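Below is upload.cif, holding mmCIF, C-alpha atoms.
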data_start
loop_
_atom_site.label_atom_id
_atom_site.label_comp_id
_atom_site.auth_asym_id
_atom_site.auth_seq_id
_atom_site.Cartn_x
_atom_site.Cartn_y
_atom_site.Cartn_z
CA MET N 1 93.47 -84.23 -166.09
CA SER N 2 90.11 -82.74 -166.61
CA MET N 3 87.80 -83.68 -169.42
CA SER N 4 87.05 -80.74 -171.67
CA GLU N 5 83.50 -80.24 -172.79
CA PRO N 6 82.85 -81.14 -176.41
CA THR N 7 82.72 -78.02 -178.53
CA PRO N 8 79.43 -77.64 -180.38
CA THR N 9 79.83 -78.24 -184.09
CA ILE N 10 78.24 -75.74 -186.42
CA ASP N 11 76.65 -77.05 -189.56
CA PRO N 12 78.19 -75.08 -192.44
CA SER N 13 74.98 -75.42 -194.43
CA THR N 14 73.03 -73.35 -191.88
CA PRO N 15 73.34 -69.55 -191.90
CA ALA N 16 75.13 -69.61 -188.54
CA GLY N 17 77.85 -71.82 -189.99
CA MET N 18 78.25 -69.99 -193.28
CA LEU N 19 81.17 -67.76 -194.15
CA GLU N 20 80.59 -64.05 -194.28
CA GLY N 21 81.18 -63.91 -198.04
CA ASP N 22 78.54 -66.54 -198.71
CA LEU N 23 76.07 -64.81 -196.45
CA VAL N 24 76.65 -61.53 -198.26
CA LYS N 25 76.20 -63.25 -201.62
CA ASN N 26 72.92 -64.82 -200.52
CA ALA N 27 71.67 -61.61 -198.89
CA ARG N 28 72.38 -59.74 -202.09
CA ARG N 29 70.00 -62.13 -203.84
CA GLY N 30 67.32 -61.12 -201.33
CA ASP N 31 67.77 -63.97 -198.86
CA PHE N 32 66.51 -62.53 -195.56
CA THR N 33 67.71 -65.55 -193.58
CA ALA N 34 71.27 -64.86 -194.64
CA TYR N 35 70.93 -61.18 -193.85
CA ASP N 36 69.39 -62.00 -190.47
CA GLU N 37 72.56 -63.92 -189.66
CA LEU N 38 74.72 -60.97 -190.72
CA VAL N 39 72.68 -58.65 -188.51
CA LYS N 40 73.09 -61.03 -185.57
CA ARG N 41 76.85 -61.14 -186.08
CA TYR N 42 77.36 -57.38 -186.00
CA GLN N 43 74.38 -55.96 -184.12
CA GLN N 44 76.19 -55.58 -180.80
CA ARG N 45 79.21 -53.80 -182.20
CA ILE N 46 77.18 -51.50 -184.43
CA TYR N 47 74.73 -50.68 -181.67
CA ALA N 48 77.51 -50.06 -179.15
CA THR N 49 79.39 -47.70 -181.46
CA ILE N 50 76.28 -45.65 -182.15
CA TYR N 51 75.24 -45.69 -178.50
CA HIS N 52 78.65 -44.44 -177.35
CA MET N 53 78.42 -41.66 -179.92
CA THR N 54 74.92 -40.54 -179.05
CA ALA N 55 74.75 -41.44 -175.34
CA ASN N 56 71.12 -42.22 -176.02
CA HIS N 57 69.65 -45.72 -176.21
CA GLU N 58 66.59 -44.82 -178.29
CA ASP N 59 68.62 -42.92 -180.87
CA ALA N 60 71.14 -45.75 -180.99
CA ASN N 61 68.37 -48.28 -181.54
CA ASP N 62 66.87 -46.27 -184.43
CA LEU N 63 70.21 -45.53 -186.05
CA ALA N 64 71.46 -49.10 -185.73
CA GLN N 65 68.32 -50.46 -187.37
CA GLU N 66 68.48 -47.84 -190.11
CA SER N 67 72.14 -48.63 -190.71
CA PHE N 68 71.34 -52.30 -191.27
CA ILE N 69 68.41 -51.39 -193.54
CA LYS N 70 70.55 -49.00 -195.55
CA ALA N 71 73.27 -51.63 -195.81
CA PHE N 72 70.76 -54.12 -197.19
CA GLN N 73 69.59 -51.58 -199.77
CA ALA N 74 73.17 -50.82 -200.74
CA LEU N 75 74.30 -54.47 -200.92
CA PRO N 76 74.24 -54.49 -204.75
CA SER N 77 76.86 -51.73 -204.68
CA PHE N 78 79.11 -53.61 -202.24
CA LYS N 79 82.08 -54.60 -204.38
CA GLY N 80 83.96 -56.52 -201.74
CA GLY N 81 86.93 -54.13 -201.76
CA SER N 82 86.82 -54.16 -197.96
CA THR N 83 85.27 -56.60 -195.52
CA PHE N 84 81.53 -56.47 -195.07
CA TYR N 85 82.14 -55.52 -191.44
CA THR N 86 84.23 -52.45 -192.37
CA TRP N 87 81.75 -51.45 -195.05
CA LEU N 88 78.83 -51.80 -192.62
CA TYR N 89 80.71 -49.78 -190.02
CA ARG N 90 81.29 -47.03 -192.56
CA ILE N 91 77.55 -46.81 -193.20
CA ALA N 92 76.83 -46.66 -189.46
CA VAL N 93 79.56 -44.07 -188.86
CA ASN N 94 78.29 -41.77 -191.63
CA LYS N 95 74.68 -42.15 -190.55
CA THR N 96 75.54 -41.35 -186.94
CA ILE N 97 77.71 -38.35 -187.75
CA ASN N 98 75.02 -36.93 -190.06
CA PHE N 99 72.38 -37.48 -187.39
CA LEU N 100 74.46 -35.77 -184.72
CA LYS N 101 75.22 -32.80 -186.96
CA GLN N 102 71.51 -32.32 -187.62
CA ARG N 103 70.45 -32.46 -183.99
CA LYS N 104 73.32 -30.33 -182.68
CA ASN N 105 72.46 -28.50 -179.44
CA ARG N 106 69.59 -30.89 -178.82
CA GLN N 107 71.57 -33.62 -177.13
CA HIS N 108 69.70 -35.58 -174.54
CA MET N 109 71.37 -38.42 -172.68
CA SER N 110 69.52 -41.66 -172.10
CA LEU N 111 72.19 -43.89 -170.65
CA ASN N 112 72.17 -47.63 -170.37
CA ASP N 113 72.73 -49.31 -167.05
CA LEU N 114 76.16 -50.52 -166.03
CA ASP N 115 76.59 -54.24 -165.90
CA PHE N 116 77.47 -56.13 -162.73
CA ASN N 117 81.12 -56.46 -163.73
CA ALA N 118 81.69 -52.71 -163.59
CA GLU N 119 81.73 -52.80 -159.80
CA HIS N 120 84.43 -55.44 -159.92
CA ASP N 121 86.62 -53.89 -162.58
CA PRO N 122 89.94 -53.23 -160.83
CA ASP N 123 90.75 -50.25 -163.06
CA LEU N 124 87.48 -48.56 -162.27
CA MET N 125 87.71 -49.39 -158.59
CA ALA N 126 91.14 -47.84 -158.50
CA LEU N 127 89.78 -44.70 -160.08
CA ILE N 128 86.93 -44.16 -157.69
CA SER N 129 88.75 -45.22 -154.54
CA ASP N 130 92.27 -43.86 -154.97
CA LYS N 131 92.66 -41.32 -157.68
CA THR N 132 89.67 -39.08 -157.58
CA PRO N 133 89.70 -36.23 -155.14
CA VAL N 134 85.98 -36.77 -154.62
CA ARG N 135 86.39 -40.25 -153.28
CA GLU N 136 82.80 -40.92 -152.63
CA VAL N 137 81.95 -40.48 -156.29
CA GLY N 138 79.88 -43.35 -157.51
CA LEU N 139 80.18 -45.22 -160.78
CA SER N 140 76.92 -43.84 -162.10
CA GLU N 141 78.07 -40.27 -161.48
CA LEU N 142 81.32 -41.05 -163.20
CA GLN N 143 79.32 -42.49 -166.10
CA GLN N 144 77.30 -39.29 -166.38
CA LYS N 145 80.41 -37.10 -166.33
CA LEU N 146 82.21 -39.28 -168.85
CA ASN N 147 79.31 -39.24 -171.31
CA ALA N 148 78.83 -35.51 -170.91
CA ALA N 149 82.53 -34.98 -171.61
CA LEU N 150 82.38 -37.17 -174.70
CA LEU N 151 79.44 -35.20 -176.03
CA LYS N 152 81.52 -32.03 -175.84
CA LEU N 153 83.92 -33.40 -178.47
CA SER N 154 83.30 -32.84 -182.14
CA GLU N 155 81.74 -35.83 -183.92
CA PRO N 156 84.90 -36.97 -185.77
CA HIS N 157 87.02 -36.72 -182.60
CA ARG N 158 84.42 -38.53 -180.53
CA MET N 159 84.13 -41.24 -183.15
CA VAL N 160 87.88 -41.90 -183.10
CA VAL N 161 87.94 -42.18 -179.29
CA VAL N 162 84.89 -44.43 -179.26
CA LEU N 163 86.22 -46.70 -181.98
CA HIS N 164 89.75 -46.95 -180.61
CA ASP N 165 89.62 -46.54 -176.85
CA VAL N 166 86.20 -48.06 -176.24
CA GLN N 167 85.69 -50.52 -179.08
CA GLY N 168 89.33 -51.43 -179.61
CA VAL N 169 89.34 -50.90 -183.38
CA SER N 170 92.80 -50.44 -184.91
CA HIS N 171 94.01 -47.18 -186.44
CA ASP N 172 94.05 -48.73 -189.93
CA GLU N 173 90.47 -49.88 -189.70
CA ILE N 174 89.31 -46.55 -188.32
CA ALA N 175 90.99 -44.79 -191.23
CA GLU N 176 89.11 -47.03 -193.63
CA MET N 177 85.82 -46.64 -191.80
CA MET N 178 86.09 -42.87 -191.60
CA ASP N 179 87.57 -42.47 -195.08
CA CYS N 180 90.63 -40.56 -193.91
CA ASN N 181 94.33 -41.33 -193.57
CA ILE N 182 95.95 -42.93 -190.59
CA GLY N 183 97.78 -39.73 -189.62
CA THR N 184 94.46 -37.96 -189.29
CA VAL N 185 93.19 -40.76 -187.07
CA ARG N 186 96.22 -40.49 -184.79
CA SER N 187 96.10 -36.71 -184.54
CA ARG N 188 92.36 -36.77 -183.86
CA LEU N 189 92.86 -39.37 -181.18
CA PHE N 190 95.58 -37.35 -179.49
CA TYR N 191 93.58 -34.14 -179.61
CA ALA N 192 90.40 -35.85 -178.39
CA ARG N 193 92.22 -37.44 -175.47
CA GLN N 194 93.73 -34.10 -174.53
CA GLN N 195 90.30 -32.51 -174.62
CA LEU N 196 88.75 -35.28 -172.56
CA GLN N 197 91.55 -35.05 -170.08
CA GLY N 198 90.75 -31.40 -169.60
CA PHE N 199 87.03 -32.02 -169.20
CA LEU N 200 87.56 -34.84 -166.71
CA ALA N 201 90.53 -33.37 -164.89
CA GLU N 202 89.05 -33.78 -161.43
CA TYR N 203 88.49 -37.49 -161.98
CA ILE N 204 91.73 -38.25 -163.77
CA ASN N 205 94.50 -36.15 -162.30
CA PRO N 206 95.99 -37.62 -159.16
CA ALA N 207 95.11 -35.68 -155.99
CA MET K 1 105.64 -36.23 -171.55
CA LYS K 2 105.68 -39.25 -169.28
CA ASN K 3 103.08 -37.58 -167.10
CA SER K 4 100.91 -36.96 -170.15
CA GLU K 5 101.10 -40.63 -171.13
CA ASN K 6 100.27 -41.54 -167.58
CA ASN K 7 97.25 -39.31 -167.75
CA PHE K 8 96.15 -40.91 -171.01
CA LYS K 9 96.50 -44.25 -169.31
CA THR K 10 94.16 -43.11 -166.57
CA LEU K 11 91.78 -41.70 -169.15
CA ARG K 12 91.73 -45.00 -170.97
CA GLN K 13 90.99 -46.73 -167.68
CA LEU K 14 88.10 -44.38 -167.20
CA LEU K 15 86.88 -45.01 -170.74
CA LYS K 16 86.63 -48.70 -169.87
CA LEU K 17 83.51 -47.72 -167.99
CA LYS K 18 81.78 -47.30 -171.35
CA GLN K 19 82.31 -50.98 -172.08
CA HIS K 20 80.16 -51.83 -169.08
CA GLU K 21 77.14 -49.90 -170.36
CA ILE K 22 74.68 -52.47 -171.63
CA PRO K 23 71.26 -52.16 -173.26
CA PRO K 24 68.15 -53.53 -171.51
CA PRO K 25 68.14 -57.32 -171.03
CA GLY K 26 66.94 -59.26 -174.06
CA TYR K 27 67.40 -56.26 -176.34
CA PHE K 28 69.52 -58.13 -178.87
CA ASN K 29 67.18 -61.13 -178.92
CA THR K 30 64.68 -59.20 -180.99
CA PHE K 31 66.89 -56.69 -182.74
CA SER K 32 67.54 -58.67 -185.92
CA ASP K 33 63.87 -59.69 -186.10
CA GLN K 34 62.88 -56.02 -186.05
CA VAL K 35 65.34 -55.21 -188.83
CA ILE K 36 64.14 -58.09 -190.99
CA ALA K 37 60.50 -57.20 -190.34
CA ARG K 38 61.16 -53.64 -191.49
CA LEU K 39 62.93 -54.94 -194.57
CA GLN K 40 60.09 -57.30 -195.40
CA SER K 41 57.55 -54.53 -194.98
CA GLY K 42 59.13 -52.74 -197.92
CA GLU K 43 61.84 -50.63 -196.34
CA GLY K 44 64.43 -52.75 -198.09
CA ARG K 45 63.34 -51.55 -201.50
CA ALA K 46 65.59 -49.27 -203.45
CA PRO K 47 65.04 -45.64 -202.42
CA SER K 48 62.94 -43.50 -204.72
CA ARG K 49 64.44 -40.67 -206.75
CA THR K 50 63.24 -38.09 -204.23
CA GLU K 51 64.66 -40.05 -201.31
CA ARG K 52 67.98 -40.40 -203.07
CA MET K 53 68.03 -36.70 -203.83
CA ASN K 54 67.27 -35.90 -200.20
CA GLU K 55 70.22 -37.98 -199.16
CA GLN K 56 72.75 -37.12 -201.86
CA ALA K 57 71.93 -33.49 -202.57
CA PRO K 58 70.01 -32.03 -199.66
CA TRP K 59 70.61 -28.51 -201.00
CA LEU K 60 68.73 -29.39 -204.19
CA ALA K 61 65.86 -30.85 -202.20
CA TRP K 62 65.81 -27.69 -200.09
CA LEU K 63 65.72 -25.53 -203.24
CA LEU K 64 62.81 -27.51 -204.68
CA GLN K 65 60.95 -27.22 -201.40
CA LEU K 66 61.56 -23.47 -201.44
CA ILE K 67 60.21 -23.23 -204.97
CA ASP K 68 57.11 -25.11 -203.86
CA ALA K 69 56.64 -22.96 -200.79
CA ARG K 70 57.38 -19.50 -202.26
CA PRO K 71 56.72 -19.49 -206.01
CA GLY K 72 56.46 -15.67 -206.12
CA VAL K 73 59.91 -15.05 -204.71
CA ILE K 74 61.49 -17.70 -206.91
CA GLY K 75 59.61 -16.32 -209.95
CA GLY K 76 60.98 -12.84 -209.30
CA PHE K 77 64.46 -14.21 -208.85
CA ALA K 78 64.21 -16.17 -212.09
CA THR K 79 62.91 -13.10 -213.99
CA SER K 80 65.79 -10.98 -212.75
CA LEU K 81 68.23 -13.69 -213.81
CA VAL K 82 66.73 -13.80 -217.31
CA LEU K 83 66.88 -9.99 -217.55
CA LEU K 84 70.52 -10.04 -216.54
CA LEU K 85 71.20 -12.67 -219.18
CA VAL K 86 69.46 -10.64 -221.92
CA ILE K 87 71.34 -7.48 -220.95
CA GLY K 88 74.57 -9.44 -220.99
CA VAL K 89 73.87 -10.79 -224.47
CA ILE K 90 73.02 -7.31 -225.83
CA ILE K 91 76.16 -5.77 -224.37
CA SER K 92 78.38 -8.55 -225.69
CA ASP K 93 76.78 -8.20 -229.18
CA ARG K 94 77.57 -4.49 -229.25
CA SER K 95 81.16 -4.95 -228.21
CA ASP K 96 81.69 -7.75 -230.74
CA SER K 97 80.30 -5.86 -233.76
CA MET K 98 82.95 -4.49 -236.15
CA PRO K 99 83.33 -0.68 -236.32
CA ASP K 100 81.81 0.92 -239.47
CA ASN K 101 84.99 2.65 -240.64
CA ILE K 102 86.86 -0.66 -240.90
CA LEU K 103 84.12 -2.07 -243.10
CA THR K 104 84.18 0.93 -245.41
CA ALA K 105 87.93 0.78 -245.76
CA THR K 106 87.81 -2.88 -246.73
CA THR K 107 85.09 -2.27 -249.30
CA ALA K 108 86.99 0.61 -250.78
CA THR K 109 90.12 -1.47 -251.18
CA THR K 110 88.34 -4.32 -252.93
CA ASP K 111 86.47 -1.95 -255.22
CA SER K 112 89.58 -0.15 -256.28
CA GLN K 113 91.40 -3.33 -257.34
CA PRO K 114 90.30 -4.55 -260.75
CA THR K 115 89.45 -8.21 -260.58
CA ALA K 116 90.77 -8.76 -264.04
CA SER K 117 94.31 -7.87 -263.04
CA LEU K 118 95.07 -11.33 -261.80
CA ALA K 119 98.29 -11.37 -263.70
CA SER K 120 99.48 -8.27 -261.85
CA MET K 121 99.12 -9.92 -258.49
CA PRO K 122 102.30 -10.87 -256.65
CA THR K 123 103.82 -14.13 -257.72
CA ALA K 124 102.41 -16.86 -255.59
CA MET K 125 104.64 -18.63 -253.14
CA PRO K 126 105.08 -22.34 -253.69
CA THR K 127 102.65 -24.34 -251.55
CA ALA K 128 105.44 -26.03 -249.61
CA ASP K 129 106.79 -22.62 -248.59
CA LEU K 130 103.34 -21.47 -247.57
CA VAL K 131 102.85 -24.51 -245.36
CA ALA K 132 106.29 -24.19 -243.84
CA ALA K 133 105.75 -20.51 -243.15
CA SER K 134 102.38 -21.08 -241.55
CA GLN K 135 103.73 -23.92 -239.42
CA SER K 136 106.71 -21.96 -238.18
CA THR K 137 104.88 -18.74 -237.43
CA GLY K 138 101.43 -20.10 -236.71
CA ILE K 139 100.06 -17.46 -239.09
CA VAL K 140 98.53 -18.22 -242.45
CA ALA K 141 100.63 -16.65 -245.15
CA SER K 142 97.79 -14.82 -246.84
CA THR K 143 94.17 -14.15 -246.08
CA ASN K 144 93.37 -13.05 -249.62
CA PRO K 145 91.33 -15.87 -251.16
CA VAL K 146 92.37 -15.06 -254.71
CA THR K 147 96.06 -15.10 -253.86
CA SER K 148 95.76 -18.33 -251.93
CA LEU K 149 93.99 -20.02 -254.82
CA GLN K 150 96.51 -18.83 -257.35
CA PRO K 151 99.21 -21.43 -256.65
CA VAL K 152 96.72 -24.22 -257.19
CA ALA K 153 96.01 -22.97 -260.65
CA THR K 154 99.61 -22.48 -261.63
CA LEU K 155 101.20 -25.36 -259.83
CA PHE K 156 99.98 -27.98 -262.29
CA GLY K 157 100.21 -25.73 -265.34
CA GLN K 158 96.46 -25.67 -265.92
CA SER K 159 96.24 -22.23 -267.38
CA SER K 160 92.85 -22.38 -269.08
CA GLY K 161 91.48 -25.82 -268.24
CA SER K 162 91.01 -25.17 -264.55
CA PRO K 163 87.50 -24.15 -263.59
CA LEU K 164 89.00 -21.89 -260.95
CA PHE K 165 90.99 -20.03 -263.49
CA ARG K 166 88.04 -19.78 -265.79
CA THR K 167 85.89 -18.25 -263.05
CA ALA K 168 88.53 -15.65 -262.40
CA SER K 169 88.57 -14.74 -266.08
CA LEU K 170 84.84 -14.40 -266.22
CA MET K 171 84.80 -12.12 -263.23
CA GLY K 172 87.38 -10.00 -264.89
CA ALA K 173 85.32 -9.82 -268.08
CA GLY K 174 82.28 -8.82 -266.11
CA ASN K 175 83.99 -5.74 -264.73
#

Produce structure tokens that represent the structure in this file.
Amino acid sequence: MSMSEPTPTIDPSTPAGMLEGDLVKNARRGDFTAYDELVKRYQQRIYATIYHMTANHEDANDLAQESFIKAFQALPSFKGGSTFYTWLYRIAVNKTINFLKQRKNRQHMSLNDLDFNAEHDPDLMALISDKTPVREVGLSELQQKLNAALLKLSEPHRMVVVLHDVQGVSHDEIAEMMDCNIGTVRSRLFYARQQLQGFLAEYINPA
Amino acid sequence: MKNSENNFKTLRQLLKLKQHEIPPPGYFNTFSDQVIARLQSGEGRAPSRTERMNEQAPWLAWLLQLIDARPGVIGGFATSLVLLLVIGVIISDRSDSMPDNILTATTATTDSQPTASLASMPTAMPTADLVAASQSTGIVASTNPVTSLQPVATLFGQSSGSPLFRTASLMGAGN
């Protein structure tokens, strides 16, 4: 029987140990320490969503920061009807879609590196070794093609694919974040997948 | 159908590649600090009226910018709008005015009826009947002010005491 390591206890009086609701309440009063904790909790997910939408690290960095700043400004209007996380996502989604609409036809990719685990992901290995007709295709080339294909989708369709298939957000939450009904989310997802399938046919369809 | 689902499965496998894209090392160590620093430097303040307008009604902001940039064009446009409005008002005034012949006919009718002949006027309907008639048809029973006042004078039997009745008598004496 192995001894398990003691789990670190989090002091509930520190921001890291506080509940989301309390942090929001304190941040609304202008407490930057509380808001700093909220930013830390959601920065990765917000950044990732925006990055997958823009395929550009610099744009994602700017938009993610602006989303958090806008959320802080709008905190007094946050009624608590949804979770802070959903509400924050909605701000980021709207900001990103507006940004992409404005800079249409001026899309420039600035992709992040793939982590070490990508080379050991069995699903990805299967794709590049067995399924693709161009067997010698590398992961970075696949990454380029995938991002280029995603950029060909309209913003709402891309957002649904990113949120569901990449981020793993549920249909219900996407509907709330994008202020549409669940049927719209499902139909957008189906259409977007069909489109992507067409764009990436040579990497997806079995030889 | 099954093939399509299979293809979606492969697509979803491919999309997993996106989860392996990571920002530069240490990026998230300073992210929140940057946000808080921007907030503390004043970016967290409530947006000004202009900023809010830019965000909520970009078309209005665009219009104001256009007015600033090309005052001559906007001035001409505004003048033509005002002219159109004035022309519209004049035309509507003309179409609303009553034709002259109707006015003359009305005057002639009132002149020909002696005001003193109040007694010869048709017997007034009881007020209850008038109300019922107007409610059922939606039309007021009479538009003649003298006729409509008549029942008030006779209803309570105030033949000479009523100031209304007295006024009518005076008018009759005047003619």

My list of candidates is N:Ser170, N:Gln107, N:Gln43, N:Thr86. Which is closest to chain K when distances are computed with only C-alpha atoms?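 The answer is N:Gln43, which sits nearest to chain K.
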
Set the cut-off to 9 Å and count all atoms listed in the file: what are the residues of chain N that reach chain K? Output as an NGL selection string. :N and (32-33 or 35-40 or 43-44 or 48 or 52 or 57 or 61 or 65-66 or 68-70 or 72-74 or 111-118 or 121 or 123-124 or 127 or 139 or 142-143 or 146-147 or 162 or 165-167 or 193-194 or 196-197 or 200 or 203-206)

Separation of CA of Ala64 (chain N) from CA of Ser41 (chain K) in Å: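 So the two atoms, CA of Ser41 (chain K) and CA of Ala64 (chain N), lie 17.6 Å apart.
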
Distance in Å - CA of Arg70 (chain K) versus CA of Val86 (chain K):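 Going from CA of Arg70 (chain K) over to CA of Val86 (chain K), I get 24.7 Å.
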
Among the residues N:Gln195, N:Ser82, N:Lys145, N:Asn98, the one that comes closest to Glu173 (chain N) [using all atoms listed in the file]: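 Closest candidate: N:Ser82.
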
Can you tell me, as a ChimeraX atom specification, what residues are no more than 9 Å from Thr50 (chain K) when counting all atoms listed in the file, ignoring any on the same chain fewer than 4 positions away? /K:54-55,61

As an exercise, work out the distance from CA of Gly21 (chain N) to CA of Tyr85 (chain N) in Å and give it to one decimal place. 10.7 Å

So what does the PyMOL selection byres ((chain N and resi 160) around 9) actually pick up in this one, as a ChimeraX atom specification? /N:155-159,161-165,171,174,178,185-186,188-189,192
